[in-house]
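Asker: Sharing a structure with you now.
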Amino acid sequence: MSAPTNQHQAVEMERDAHDRGSSDHVDGGAAHGSRSSYVTGFVLSVILTAIPFGLVMSGVIGDKSVVAGICMALAIVQIVVHMIYFLHMNRKSEAGWTLMSLIFTVIIVVIALTGSLWVMFHMNQNMMPPMNPASAAEMSDQM
Amino acid sequence: MTSTTDVPPGAHNAVTFYDTDPHEHPPGQSTMLGFWLYLMSDCLIFAMLFAAWGVFGGSYAGGPRPSELFELPLVAVNTAMLLFSSITYGFAMLAADEKKQGATLGWLAITGVFGLCFLGIELYEFSNLIAEGAGPWRSAFLSSFFTLVGTHGLHVTFGIIWLVTLMVQVSRKGLIDANMRRLQCLSLFWHFLDVIWIGVFTFVYLLGVLR
């Protein structure tokens, strides 16, 4: 007795969830932003864009790798700001599938980017014949 | 309970795994998720182009270097154009949610103008580079630069075409459900292009000049 009823209940619950999902979707399914959230995102983006441009253009910090690190960190922060305030990402939109697909994509992107850069860097190092600076300039001319 | 004796053991279990009742699939119910998945695949295209830039960005072939070519003030203006267009599109969506057709069309038009400014500045930059002899054929660095930035520019171009199409649709048929859905898809697309541009101005322009 109990087994079929439980399964039936499970199906019912699933269908309920499905119905709730579709009623959320009446207007298209995406989460909506408010005026204040758009303005917040815009102000944050302006700040996060102005800082790296200012640093590079003014050359306040002499160490280039430090400037590069700050720029990359601010870019990542700004991407997250855009995701939240402009693309309205959250854990609930489309029952979490947008977030799941985003996480999957980010993992693939990270693997592809780091893998390509890593492999090609080592290729360059290992395939390049030992040479003196003069022939190095010649080589890069031919590339 | 007696019904279970009529069917072979296990058969009733198999049936209950399926949701056999017909249920509604309203039109466009899965459009937003599908469009999001398209954007994610587009994201992979750009990831490959960024990877190519990362590999070739330092291969100047004895030609001009990024610090000699890139004009950061111009790039900053360009970035501002795209950022402004992002928030004006947001205002268009807010107006559409409030069913204000005129305001929606107005904000969409402003968004389109900012998009066109962005494209104009980018084409100006490209033509300057080519006039200086720094076209995509000059070095692997410039090939990967033109491919990456050009692909983004093409996306913006198609975004503007889509925007104009939607403006015609909205002015003819109003803010009906189908048009709201299309506006939301373009909203995702437009903001997504802004996200890609963050990567472009950071990794291509700023880090390129630092290199």
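Going by the structure tokens order, chains are called A, B, ..., each with residues numbered from 1, while ligands are numbered from 1 in the order shown.
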For segment 194-203 of chain B, please output as a ChimeraX atom specification all residues within 7 Å (counting only C-alpha atoms; exclusion window: fewer than 6 positions along the same chain).
Answerer: /A:71-72,75,79,82 /B:82-83
Asker: Which polymer residues have any atom within 10 Å of an atom of Phe91 of chain B, counting only C-alpha atoms, with same-chain residues fewer than 2 positions away left out, as a PyMOL selection string?
Answerer: (chain A and resi 33-35+38-39) or (chain B and resi 85-89+93-97+103-104+106-108+111)
Asker: Could those selected residues go to a file with C-alpha atoms, as a PDB file, in the first residue's frame?
Answerer:
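Dumped everything to out.pdb:
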```pdb
ATOM      1  CA  GLY A  33      15.526  44.570 -11.387  1.00  0.00           C
ATOM      2  CA  SER A  34      14.346  47.725  -9.740  1.00  0.00           C
ATOM      3  CA  ARG A  35      15.481  51.240 -10.623  1.00  0.00           C
ATOM      4  CA  TYR A  38      20.198  49.300 -11.874  1.00  0.00           C
ATOM      5  CA  VAL A  39      21.571  52.585 -10.501  1.00  0.00           C
TER       6      VAL A  39
ATOM      7  CA  SER B  85      23.741  51.863 -23.061  1.00  0.00           C
ATOM      8  CA  SER B  86      23.500  49.130 -20.429  1.00  0.00           C
ATOM      9  CA  ILE B  87      21.740  51.324 -17.882  1.00  0.00           C
ATOM     10  CA  THR B  88      19.458  52.929 -20.485  1.00  0.00           C
ATOM     11  CA  TYR B  89      18.422  49.426 -21.581  1.00  0.00           C
ATOM     12  CA  MET B  93      12.968  47.275 -19.282  1.00  0.00           C
ATOM     13  CA  LEU B  94      11.619  49.094 -16.218  1.00  0.00           C
ATOM     14  CA  ALA B  95       9.382  51.233 -18.422  1.00  0.00           C
ATOM     15  CA  ALA B  96       8.218  48.093 -20.251  1.00  0.00           C
ATOM     16  CA  ASP B  97       7.366  46.428 -16.935  1.00  0.00           C
ATOM     17  CA  ALA B 103       9.015  55.562 -22.485  1.00  0.00           C
ATOM     18  CA  THR B 104      10.158  52.070 -23.485  1.00  0.00           C
ATOM     19  CA  GLY B 106      12.447  56.294 -25.990  1.00  0.00           C
ATOM     20  CA  TRP B 107      14.914  54.436 -23.773  1.00  0.00           C
ATOM     21  CA  LEU B 108      15.439  51.801 -26.489  1.00  0.00           C
ATOM     22  CA  THR B 111      20.309  52.661 -26.031  1.00  0.00           C
TER      23      THR B 111
END
```
Asker: When you look at Lys64 of chain A with a cut-off of 12 Å (counting only C-alpha atoms), what residues show up, excluding the ones that are within fewer than 5 positions of it in the same chain? I need them as a tab-separated table (two decimals) with C-alpha atoms, in the first residue's frame.
Answerer:
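The new file selection35.tsv reads:
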```
chain	number	residue	atom	x	y	z
A	55	LEU	CA	45.89	53.44	-12.59
A	56	VAL	CA	47.15	52.49	-16.06
A	57	MET	CA	46.84	55.95	-17.62
A	59	GLY	CA	51.07	55.30	-13.95
A	69	GLY	CA	46.88	42.21	-10.77
A	70	ILE	CA	44.65	45.06	-9.52
A	71	CYS	CA	43.09	45.45	-13.00
B	206	LEU	CA	44.91	47.81	-20.16
B	207	LEU	CA	47.11	44.72	-19.80
B	208	GLY	CA	48.24	45.14	-23.42
B	209	VAL	CA	49.51	48.65	-22.72
B	210	LEU	CA	51.18	47.43	-19.52
B	211	ARG	CA	52.93	44.56	-21.30
```
Asker: Counting only C-alpha atoms, figure out which residue out of B:Thr147, B:Val55, B:Ile130, B:Ala80 gets nearest to Ile47 of chain A.
Answerer: B:Ala80
Asker: Calculated over only C-alpha atoms, which of the candidates B:Val170, B:Leu116, B:Leu72, B:Ala178 has the smallest distance to Pro52 of chain A?
Answerer: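 Comparing B:Val170, B:Leu116, B:Leu72, B:Ala178 against Pro52 of chain A, the winner is B:Leu72.
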Asker: Do you have the atom CA of Glu68 of chain B-atom CA of Phe146 of chain B distance handy?
Answerer: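 Going from atom CA of Glu68 of chain B over to atom CA of Phe146 of chain B, I get 16.0 Å.
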Asker: Can you measure atom CA of Ile160 of chain B to atom CA of Cys185 of chain B for me? One decimal in Å is fine.
Answerer: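 Rounded to one decimal, the two atoms are 13.3 Å apart.
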Asker: Distance atom CA of Met127 of chain A-atom CA of Leu69 of chain B, one decimal place?
Answerer: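 So the two atoms, atom CA of Met127 of chain A and atom CA of Leu69 of chain B, lie 29.7 Å apart.
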Asker: Residues at most 10 Å from Gly57 of chain B, counting only C-alpha atoms, excluding those fewer than 2 positions away in the same chain, as a PyMOL selection string?
Answerer: chain B and resi 50-55+59-60+65-66+139-145+203-204+208+211
Asker: Okay, now the selection with N, CA and C atoms, as a PDB file, in the first residue's frame?
Answerer:
```pdb
ATOM      1  N   PHE B  50      39.730  34.829 -26.347  1.00  0.00           N
ATOM      2  CA  PHE B  50      40.607  35.364 -25.295  1.00  0.00           C
ATOM      3  C   PHE B  50      41.842  34.486 -25.143  1.00  0.00           C
ATOM      4  N   ALA B  51      41.656  33.166 -25.258  1.00  0.00           N
ATOM      5  CA  ALA B  51      42.804  32.255 -25.152  1.00  0.00           C
ATOM      6  C   ALA B  51      43.785  32.540 -26.288  1.00  0.00           C
ATOM      7  N   ALA B  52      43.237  32.741 -27.513  1.00  0.00           N
ATOM      8  CA  ALA B  52      44.110  33.044 -28.646  1.00  0.00           C
ATOM      9  C   ALA B  52      44.859  34.352 -28.397  1.00  0.00           C
ATOM     10  N   TRP B  53      44.153  35.341 -27.846  1.00  0.00           N
ATOM     11  CA  TRP B  53      44.794  36.617 -27.516  1.00  0.00           C
ATOM     12  C   TRP B  53      45.895  36.391 -26.483  1.00  0.00           C
ATOM     13  N   GLY B  54      45.602  35.550 -25.478  1.00  0.00           N
ATOM     14  CA  GLY B  54      46.591  35.288 -24.435  1.00  0.00           C
ATOM     15  C   GLY B  54      47.850  34.656 -25.005  1.00  0.00           C
ATOM     16  N   VAL B  55      47.671  33.788 -26.014  1.00  0.00           N
ATOM     17  CA  VAL B  55      48.820  33.092 -26.594  1.00  0.00           C
ATOM     18  C   VAL B  55      49.574  34.009 -27.562  1.00  0.00           C
ATOM     19  N   SER B  59      53.137  38.295 -29.615  1.00  0.00           N
ATOM     20  CA  SER B  59      53.893  37.994 -30.847  1.00  0.00           C
ATOM     21  C   SER B  59      53.781  39.166 -31.803  1.00  0.00           C
ATOM     22  N   TYR B  60      54.712  40.128 -31.660  1.00  0.00           N
ATOM     23  CA  TYR B  60      54.609  41.377 -32.421  1.00  0.00           C
ATOM     24  C   TYR B  60      55.212  41.260 -33.812  1.00  0.00           C
ATOM     25  N   ARG B  65      53.845  47.647 -31.075  1.00  0.00           N
ATOM     26  CA  ARG B  65      53.414  47.037 -29.809  1.00  0.00           C
ATOM     27  C   ARG B  65      52.145  47.735 -29.330  1.00  0.00           C
ATOM     28  N   PRO B  66      51.406  47.065 -28.417  1.00  0.00           N
ATOM     29  CA  PRO B  66      50.131  47.648 -27.951  1.00  0.00           C
ATOM     30  C   PRO B  66      50.307  49.052 -27.383  1.00  0.00           C
ATOM     31  N   SER B 139      50.735  41.135 -37.672  1.00  0.00           N
ATOM     32  CA  SER B 139      51.375  40.222 -36.718  1.00  0.00           C
ATOM     33  C   SER B 139      50.302  39.376 -36.043  1.00  0.00           C
ATOM     34  N   ALA B 140      50.736  38.313 -35.383  1.00  0.00           N
ATOM     35  CA  ALA B 140      49.782  37.449 -34.671  1.00  0.00           C
ATOM     36  C   ALA B 140      49.062  38.241 -33.582  1.00  0.00           C
ATOM     37  N   PHE B 141      49.788  39.177 -32.959  1.00  0.00           N
ATOM     38  CA  PHE B 141      49.162  40.038 -31.952  1.00  0.00           C
ATOM     39  C   PHE B 141      47.980  40.800 -32.552  1.00  0.00           C
ATOM     40  N   LEU B 142      48.203  41.403 -33.736  1.00  0.00           N
ATOM     41  CA  LEU B 142      47.116  42.195 -34.333  1.00  0.00           C
ATOM     42  C   LEU B 142      46.006  41.301 -34.894  1.00  0.00           C
ATOM     43  N   SER B 143      46.364  40.110 -35.401  1.00  0.00           N
ATOM     44  CA  SER B 143      45.325  39.180 -35.864  1.00  0.00           C
ATOM     45  C   SER B 143      44.376  38.827 -34.729  1.00  0.00           C
ATOM     46  N   SER B 144      44.960  38.440 -33.588  1.00  0.00           N
ATOM     47  CA  SER B 144      44.099  38.031 -32.475  1.00  0.00           C
ATOM     48  C   SER B 144      43.339  39.223 -31.920  1.00  0.00           C
ATOM     49  N   PHE B 145      43.952  40.421 -31.958  1.00  0.00           N
ATOM     50  CA  PHE B 145      43.260  41.625 -31.487  1.00  0.00           C
ATOM     51  C   PHE B 145      42.030  41.914 -32.344  1.00  0.00           C
ATOM     52  N   PHE B 203      41.815  42.889 -20.342  1.00  0.00           N
ATOM     53  CA  PHE B 203      42.880  41.986 -20.784  1.00  0.00           C
ATOM     54  C   PHE B 203      43.534  42.455 -22.080  1.00  0.00           C
ATOM     55  N   VAL B 204      42.764  43.080 -22.973  1.00  0.00           N
ATOM     56  CA  VAL B 204      43.348  43.491 -24.248  1.00  0.00           C
ATOM     57  C   VAL B 204      43.998  44.861 -24.113  1.00  0.00           C
ATOM     58  N   GLY B 208      47.417  45.019 -22.217  1.00  0.00           N
ATOM     59  CA  GLY B 208      48.235  45.139 -23.420  1.00  0.00           C
ATOM     60  C   GLY B 208      49.181  46.332 -23.325  1.00  0.00           C
ATOM     61  N   ARG B 211      51.986  45.623 -20.934  1.00  0.00           N
ATOM     62  CA  ARG B 211      52.928  44.557 -21.295  1.00  0.00           C
ATOM     63  C   ARG B 211      54.287  45.060 -21.758  1.00  0.00           C
TER      64      ARG B 211
END
```
Asker: Would you give me, as a PyMOL selection string, the residues in segment 85-211 of chain B that DSSP reads as alpha helix (DSSP H)?
Answerer: chain B and resi 85-97+101-131+140-173+177-199+207-210
Asker: Extract, using only C-alpha atoms, all DNA, RNA and protein residues at most 12 Å from Ile108 of chain A, discarding same-chain residues fewer than 2 positions from it, and format them as a count of residues only.
Answerer: 20
